[in-house]
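> Dropping in my_file10.csv, which is CSV, C-alpha atoms and all ligand atoms:
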chain,number,residue,atom,x,y,z
Z,1,MET,CA,-13.9,9.4,-5.2
Z,2,ILE,CA,-14.5,9.3,-1.4
Z,3,ILE,CA,-12.5,6.8,0.7
Z,4,ALA,CA,-13.7,6.3,4.3
Z,5,VAL,CA,-11.3,4.8,6.8
Z,6,ASP,CA,-12.5,3.9,10.2
Z,7,GLY,CA,-11.1,1.9,13.1
Z,8,PRO,CA,-9.9,2.0,16.7
Z,9,THR,CA,-7.0,3.9,18.1
Z,10,ALA,CA,-3.5,2.8,17.0
Z,11,SER,CA,-4.8,0.4,14.4
Z,12,GLY,CA,-2.7,2.0,11.7
Z,13,LYS,CA,-5.7,3.8,10.1
Z,14,GLY,CA,-4.0,7.2,10.2
Z,15,THR,CA,-0.9,6.1,8.3
Z,16,ILE,CA,-2.9,4.0,5.9
Z,17,SER,CA,-5.2,6.9,5.1
Z,18,LYS,CA,-2.4,9.4,4.6
Z,19,GLN,CA,-0.7,7.0,2.2
Z,20,LEU,CA,-4.0,6.3,0.3
Z,21,ALA,CA,-4.5,10.1,-0.1
Z,22,ARG,CA,-1.0,10.5,-1.4
Z,23,HIS,CA,-1.3,7.5,-3.8
Z,24,PHE,CA,-4.7,8.5,-5.2
Z,25,ALA,CA,-3.9,12.3,-5.1
Z,26,LEU,CA,-6.9,13.1,-2.9
Z,27,PRO,CA,-7.3,15.7,-0.1
Z,28,PHE,CA,-7.0,14.1,3.4
Z,29,LEU,CA,-8.8,14.9,6.7
Z,30,ASP,CA,-7.9,13.3,10.0
Z,31,THR,CA,-11.3,13.8,11.8
Z,32,GLY,CA,-9.9,12.7,15.1
Z,33,LEU,CA,-8.0,16.0,15.2
Z,34,LEU,CA,-11.3,17.9,15.3
Z,35,TYR,CA,-12.4,16.0,18.4
Z,36,ARG,CA,-8.9,16.5,19.8
Z,37,ALA,CA,-9.2,20.2,19.2
Z,38,VAL,CA,-12.4,20.2,21.2
Z,39,GLY,CA,-10.7,18.2,24.0
Z,40,TRP,CA,-7.8,20.6,24.1
Z,41,THR,CA,-10.0,23.7,24.1
Z,42,LEU,CA,-12.1,22.2,26.9
Z,43,GLY,CA,-8.9,21.7,28.9
Z,44,GLU,CA,-7.9,25.3,28.3
Z,45,GLN,CA,-11.4,26.5,29.4
Z,46,GLY,CA,-11.2,24.4,32.6
Z,47,GLY,CA,-14.4,22.5,31.5
Z,48,ASP,CA,-15.7,19.1,32.4
Z,49,ALA,CA,-15.4,16.7,29.5
Z,50,ASP,CA,-18.4,14.7,30.7
Z,51,ASN,CA,-20.6,17.8,30.8
Z,52,PRO,CA,-22.4,18.3,27.4
Z,53,ALA,CA,-22.6,22.1,27.8
Z,54,ASP,CA,-18.9,22.5,28.6
Z,55,ALA,CA,-18.0,20.2,25.7
Z,56,LEU,CA,-20.2,22.2,23.2
Z,57,ALA,CA,-18.7,25.5,24.3
Z,58,ALA,CA,-15.3,24.1,23.4
Z,59,CYS,CA,-16.4,23.3,19.8
Z,60,ASP,CA,-15.7,26.9,18.7
Z,61,PHE,CA,-12.0,26.6,18.3
Z,62,PRO,CA,-9.7,28.5,15.9
Z,63,GLY,CA,-8.7,26.6,12.8
Z,64,ALA,CA,-5.0,27.2,13.5
Z,65,LEU,CA,-5.3,24.9,16.5
Z,66,LEU,CA,-5.4,21.9,14.2
Z,67,ASP,CA,-1.7,22.4,13.5
Z,68,ASN,CA,-0.8,22.3,17.2
Z,69,PRO,CA,1.3,19.1,17.8
Z,70,GLY,CA,0.1,19.1,21.4
Z,71,LEU,CA,-3.2,17.7,20.1
Z,72,ARG,CA,-1.5,14.3,19.5
Z,73,SER,CA,-0.9,13.6,23.2
Z,74,GLU,CA,-2.5,10.7,25.1
Z,75,VAL,CA,-4.1,13.1,27.5
Z,76,VAL,CA,-5.8,15.1,24.7
Z,77,GLY,CA,-6.8,11.8,23.0
Z,78,GLY,CA,-8.6,10.7,26.2
Z,79,LEU,CA,-10.4,14.1,26.4
Z,80,ALA,CA,-11.4,13.8,22.7
Z,81,SER,CA,-12.9,10.4,23.4
Z,82,ARG,CA,-14.9,11.7,26.3
Z,83,VAL,CA,-16.2,14.8,24.5
Z,84,SER,CA,-17.1,12.8,21.4
Z,85,VAL,CA,-19.9,10.9,23.2
Z,86,HIS,CA,-22.0,14.1,23.3
Z,87,PRO,CA,-24.5,14.3,20.4
Z,88,ALA,CA,-24.3,18.1,20.4
Z,89,VAL,CA,-20.5,17.9,19.9
Z,90,ARG,CA,-20.9,15.5,17.0
Z,91,ARG,CA,-23.5,17.7,15.4
Z,92,ALA,CA,-21.2,20.8,15.7
Z,93,LEU,CA,-18.5,19.0,13.8
Z,94,ASP,CA,-20.7,17.2,11.3
Z,95,LYS,CA,-21.0,19.9,8.5
Z,96,ARG,CA,-17.3,20.6,8.4
Z,97,GLN,CA,-16.6,16.8,7.8
Z,98,LYS,CA,-19.4,16.4,5.3
Z,99,ASP,CA,-18.3,19.5,3.3
Z,100,PHE,CA,-14.8,18.0,3.2
Z,101,ALA,CA,-16.0,14.6,2.1
Z,102,TYR,CA,-18.2,15.8,-0.6
Z,103,GLN,CA,-15.9,18.4,-2.2
Z,104,PRO,CA,-15.6,18.0,-6.0
Z,105,ALA,CA,-12.0,16.7,-5.8
Z,106,GLY,CA,-13.0,13.7,-3.7
Z,107,ALA,CA,-11.3,13.0,-0.3
Z,108,VAL,CA,-9.9,10.5,2.1
Z,109,LEU,CA,-11.2,10.8,5.7
Z,110,ASP,CA,-10.2,8.8,8.7
Z,111,GLY,CA,-12.2,8.5,12.0
Z,112,ARG,CA,-14.7,6.3,13.7
Z,113,ASP,CA,-18.0,7.0,11.9
Z,114,ILE,CA,-17.0,8.1,8.4
Z,115,GLY,CA,-18.4,5.1,6.6
Z,116,THR,CA,-21.5,4.9,8.8
Z,117,VAL,CA,-22.5,8.6,9.4
Z,118,ILE,CA,-20.3,11.2,7.6
Z,119,ALA,CA,-20.1,9.6,4.2
Z,120,PRO,CA,-22.4,6.6,4.1
Z,121,ASP,CA,-22.2,6.5,0.3
Z,122,ALA,CA,-18.4,6.6,0.2
Z,123,ASP,CA,-16.9,4.8,-2.8
Z,124,VAL,CA,-14.6,2.7,-0.7
Z,125,LYS,CA,-14.9,2.0,3.0
Z,126,LEU,CA,-12.1,0.4,5.0
Z,127,PHE,CA,-12.3,-0.7,8.6
Z,128,VAL,CA,-8.8,-1.0,10.0
Z,129,THR,CA,-8.4,-3.1,13.1
Z,130,ALA,CA,-5.6,-4.9,15.1
Z,131,SER,CA,-5.7,-6.8,18.4
Z,132,ALA,CA,-5.6,-4.5,21.5
Z,133,ASP,CA,-2.2,-6.1,22.4
Z,134,ALA,CA,-0.7,-5.3,19.1
Z,135,ARG,CA,-2.0,-1.7,19.2
Z,136,ALA,CA,-0.6,-1.2,22.7
Z,137,VAL,CA,2.8,-2.5,21.6
Z,138,ARG,CA,2.9,0.0,18.8
Z,139,ARG,CA,1.8,2.9,21.0
Z,140,TYR,CA,4.3,1.9,23.7
Z,141,GLU,CA,7.2,1.8,21.2
Z,142,GLU,CA,6.2,5.0,19.6
Z,143,MET,CA,6.1,6.8,23.0
Z,144,LYS,CA,9.4,5.2,24.1
Z,145,ARG,CA,11.0,6.5,20.9
Z,146,ARG,CA,9.8,10.0,21.8
Z,147,GLY,CA,11.6,9.5,25.1
Z,148,GLU,CA,8.4,9.4,27.2
Z,149,GLN,CA,8.2,7.5,30.5
Z,150,VAL,CA,5.4,4.9,30.0
Z,151,ARG,CA,4.3,1.6,31.4
Z,152,PHE,CA,3.0,-1.0,28.9
Z,153,ASP,CA,0.1,-2.0,31.2
Z,154,ASP,CA,-1.1,1.6,31.5
Z,155,ILE,CA,-1.1,2.0,27.7
Z,156,LEU,CA,-3.0,-1.3,27.2
Z,157,ALA,CA,-5.6,-0.3,29.9
Z,158,ASP,CA,-6.0,3.1,28.2
Z,159,ILE,CA,-6.6,1.6,24.8
Z,160,LEU,CA,-9.2,-0.8,26.2
Z,161,ARG,CA,-11.0,2.0,28.0
Z,162,ARG,CA,-11.0,4.1,24.8
Z,163,ASP,CA,-12.3,1.2,22.7
Z,164,GLU,CA,-15.1,0.6,25.2
Z,165,ARG,CA,-16.1,4.2,25.2
Z,166,ASP,CA,-15.9,4.7,21.4
Z,167,GLN,CA,-17.9,1.4,20.8
Z,168,SER,CA,-20.6,1.8,23.4
Z,169,ARG,CA,-21.7,5.4,23.0
Z,170,ALA,CA,-25.2,5.9,21.8
Z,171,THR,CA,-24.5,8.3,18.9
Z,172,ALA,CA,-22.3,7.2,16.0
Z,173,PRO,CA,-20.5,4.4,17.8
Z,174,LEU,CA,-17.3,2.9,16.4
Z,175,ARG,CA,-18.4,0.0,14.2
Z,176,PRO,CA,-17.7,-1.2,10.7
Z,177,ALA,CA,-20.2,-0.1,8.0
Z,178,GLU,CA,-22.0,-3.1,6.5
Z,179,ASP,CA,-20.2,-2.7,3.2
Z,180,ALA,CA,-16.7,-2.0,4.7
Z,181,TYR,CA,-13.7,-4.1,4.0
Z,182,LEU,CA,-12.0,-5.3,7.2
Z,183,LEU,CA,-8.3,-4.9,7.2
Z,184,ASP,CA,-6.7,-6.6,10.2
Z,185,THR,CA,-3.1,-5.2,10.7
Z,186,THR,CA,-2.2,-7.3,13.7
Z,187,ASN,CA,0.3,-9.4,11.8
Z,188,LEU,CA,1.1,-7.0,9.0
Z,189,THR,CA,4.0,-4.5,8.7
Z,190,ILE,CA,2.7,-1.0,8.1
Z,191,ASP,CA,4.1,-1.2,4.5
Z,192,ALA,CA,2.2,-4.4,3.9
Z,193,ALA,CA,-1.0,-2.9,5.3
Z,194,ILE,CA,-0.7,0.1,3.0
Z,195,GLN,CA,-0.2,-2.1,0.0
Z,196,GLN,CA,-3.3,-4.1,0.9
Z,197,ALA,CA,-5.3,-1.0,1.3
Z,198,ILE,CA,-4.2,0.3,-2.1
Z,199,ALA,CA,-5.0,-3.0,-3.6
Z,200,LEU,CA,-8.5,-3.0,-2.1
Z,201,VAL,CA,-9.2,0.5,-3.5
Z,202,ASP,CA,-7.8,-0.5,-6.9
Z,203,ALA,CA,-10.0,-3.6,-6.9
Z,204,LYS,CA,-13.1,-1.5,-6.0
Z,205,ILE,CA,-12.3,1.0,-8.8
Z,206,SER,CA,-11.7,-1.6,-11.4
Z,207,GLY,CA,-14.9,-3.5,-10.3
Z,208,ARG,CA,-16.9,-0.3,-10.8
Z,209,ARG,CA,-15.3,0.3,-14.2
Z,210,ASP,CA,-16.2,-3.3,-15.3
Z,211,LYS,CA,-19.8,-2.6,-14.3
Z,212,ASP,CA,-20.1,0.7,-16.2
Z,213,PRO,CA,-21.5,0.4,-19.8
Z,214,ALA,CA,-18.7,0.9,-22.3
T,301,LIG,O1,-8.5,9.0,15.9
T,301,LIG,P1,-8.1,9.7,17.2
T,301,LIG,O2,-7.4,8.8,18.2
T,301,LIG,O3,-7.3,10.9,17.0
T,301,LIG,O4,-9.5,10.2,17.8
T,301,LIG,C1,-9.6,10.7,19.2
T,301,LIG,C2,-11.0,10.5,19.7
T,301,LIG,O5,-11.9,11.3,18.9
T,301,LIG,C3,-11.5,9.0,19.6
T,301,LIG,O6,-11.2,8.3,20.8
T,301,LIG,C4,-13.0,9.2,19.4
T,301,LIG,C5,-13.2,10.6,18.8
T,301,LIG,N1,-13.5,10.5,17.3
T,301,LIG,C6,-14.8,10.3,17.0
T,301,LIG,O7,-15.6,10.1,17.9
T,301,LIG,N2,-15.2,10.3,15.7
T,301,LIG,C7,-14.3,10.4,14.7
T,301,LIG,N3,-14.7,10.5,13.5
T,301,LIG,C8,-12.9,10.6,15.0
T,301,LIG,C9,-12.6,10.6,16.4
So that I can check it, write out the structure of this file as structure tokens.
Ligand code: DC

Amino acid sequence: MIIAVDGPTASGKGTISKQLARHFALPFLDTGLLYRAVGWTLGEQGGDADNPADALAACDFPGALLDNPGLRSEVVGGLASRVSVHPAVRRALDKRQKDFAYQPAGAVLDGRDIGTVIAPDADVKLFVTASADARAVRRYEEMKRRGEQVRFDDILADILRRDERDQSRATAPLRPAEDAYLLDTTNLTIDAAIQQAIALVDAKISGRRDKDPA
């Protein structure tokens, strides 16, 4: 079974995907980390994120980089969003994601274009959203907890900028697949959102079983 989870930044899609993978005992890939690794490598190489050749040169990163907690920073997230607009970068990361999605054991992948480009025939597609305000509050609280000095307005502006860039790029923009379930987490606790996601997958599996000949 392939479960595709897409959605904007701080929507809760990462936590939901991880819990889905655990619940259904499936391998999990956070595809945003691949773009973050490119952003990080580009920073190390002193490249320009808006230059396609610099961004492509940064795609050849060592696998161990994916374990670096530094990839999770806001700065690297911004670089990842910028390098991800280049078609050559998306092509360079394509096979790795498709191989993961179509492994025999099945998989859960989270990202922006999993249901539309990477695994268009996924068994279940979720599109996880939340209002920009709700996402900014979550991000703000998370960063405060880590002891970072942040201003709410800066976080909100950054989220809006990232949404705009991810949705408006020409190649594989962030949008729900036609057959995706929309899961709006604005007014849900994370536990309630996880339970809804599990229920959606269960409903899809049992619907498929009902249709199969006995
Ligand atoms: O999910 P994230 O915040 O870690 O992703 C960082 C950036 O990477 C995101 O702003 C856009 C890009 N990305 C993408 O273009 N396609 C994906 N499948 C995953 C992430």
> Using only C-alpha atoms and all ligand atoms, which residues have at least one atom no more than 6 Å from ligand LIG 301 (chain T)? Output them as a ChimeraX atom specification.
/Z:9,31-33,35-36,77,80-81,84,111-113,162,166
> In the coordinate frame of the file, compute which residues have an atom within 12 Å of (-4.8, 19.7, 14.7) when using all atoms listed in the file, and state them as a list of chain:residue names.
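Output of the proximity query reads Z:Leu29, Z:Asp30, Z:Thr31, Z:Gly32, Z:Leu33, Z:Leu34, Z:Tyr35, Z:Arg36, Z:Ala37, Z:Val38, Z:Gly39, Z:Trp40, Z:Thr41, Z:Phe61, Z:Pro62, Z:Gly63, Z:Ala64, Z:Leu65, Z:Leu66, Z:Asp67, Z:Asn68, Z:Pro69, Z:Gly70, Z:Leu71, Z:Arg72, Z:Ser73, Z:Val76, Z:Gly77, Z:Ala80.
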> Determine the nearest neighbour of Asp48 in chain Z from the options Z:Asp123, Z:Thr116, Z:Val83, Z:Glu74, counting only C-alpha atoms.
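Looking only at the distances to Asp48 in chain Z, the closest residue turns out to be Z:Val83.
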> Which of these residues is nearest to Thr15 in chain Z, using only C-alpha atoms: Z:Ala157, Z:Gln45, Z:Asp179, Z:Thr185?
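So, comparing all the options, the nearest one is Z:Thr185.
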> Under the rule that all atoms listed in the file are counted, which of Z:Leu126, Z:Gly47, Z:Pro176, Z:Asp184 is the nearest residue to Lys204 in chain Z?
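Among Z:Leu126, Z:Gly47, Z:Pro176, Z:Asp184, it is Z:Leu126 that comes nearest to Lys204 in chain Z.
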> So, counting only C-alpha atoms, which residue among Z:Ile205, Z:Gly78, Z:Phe127, Z:Arg151 is closest to Arg165 in chain Z?
Z:Gly78
> With all atoms listed in the file as the counted atoms, please give the residues lying no more than 8 Å from Leu42 in chain Z, apart from itself and same-chain residues fewer than 5 positions off, as a ChimeraX atom specification.
/Z:47-49,54-55,57-58
> Between Z:Pro104, Z:Pro120, Z:Pro8, Z:Pro87, which has the minimum distance to Asn51 in chain Z (counting only C-alpha atoms)?
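Going through Z:Pro104, Z:Pro120, Z:Pro8, Z:Pro87 one by one, the smallest distance to Asn51 in chain Z is for Z:Pro87.
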> Please report the interatomic distance between CA of Tyr181 in chain Z and CA of Glu142 in chain Z in Å with one decimal.
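Computing it gives 26.9 Å between the two atoms.
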> My list of candidates is Z:Val124, Z:Pro52, Z:Phe100, Z:Pro27. Which is closest to Ser206 in chain Z when distances are computed with only C-alpha atoms?
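Closest to Ser206 in chain Z of all the choices is Z:Val124.
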> So how far away is CA of Gly7 in chain Z from CA of Val117 in chain Z, in Å?
13.7 Å
> Name the residues in contact with Tyr102 in chain Z at a cut-off of 9 Å, using all atoms listed in the file, excluding same-chain residues fewer than 5 positions from it; report them as a ChimeraX atom specification.
/Z:1-2,97,107,119
> Place a sphere of radius 9 Å on (3.5, -0.3, 28.3) in the file coordinates and name every protein, DNA or RNA residue with an atom inside or on its surface, counting only C-alpha atoms; give the answer as an mmCIF file with C-alpha atoms, keeping the file's coordinate frame.

data_model
loop_
_atom_site.group_PDB
_atom_site.id
_atom_site.type_symbol
_atom_site.label_atom_id
_atom_site.label_comp_id
_atom_site.auth_asym_id
_atom_site.auth_seq_id
_atom_site.Cartn_x
_atom_site.Cartn_y
_atom_site.Cartn_z
ATOM 1 C CA ALA Z 136 -0.600 -1.200 22.700
ATOM 2 C CA VAL Z 137 2.800 -2.500 21.600
ATOM 3 C CA ARG Z 139 1.800 2.900 21.000
ATOM 4 C CA TYR Z 140 4.300 1.900 23.700
ATOM 5 C CA GLU Z 141 7.200 1.800 21.200
ATOM 6 C CA VAL Z 150 5.400 4.900 30.000
ATOM 7 C CA ARG Z 151 4.300 1.600 31.400
ATOM 8 C CA PHE Z 152 3.000 -1.000 28.900
ATOM 9 C CA ASP Z 153 0.100 -2.000 31.200
ATOM 10 C CA ASP Z 154 -1.100 1.600 31.500
ATOM 11 C CA ILE Z 155 -1.100 2.000 27.700
ATOM 12 C CA LEU Z 156 -3.000 -1.300 27.200
#
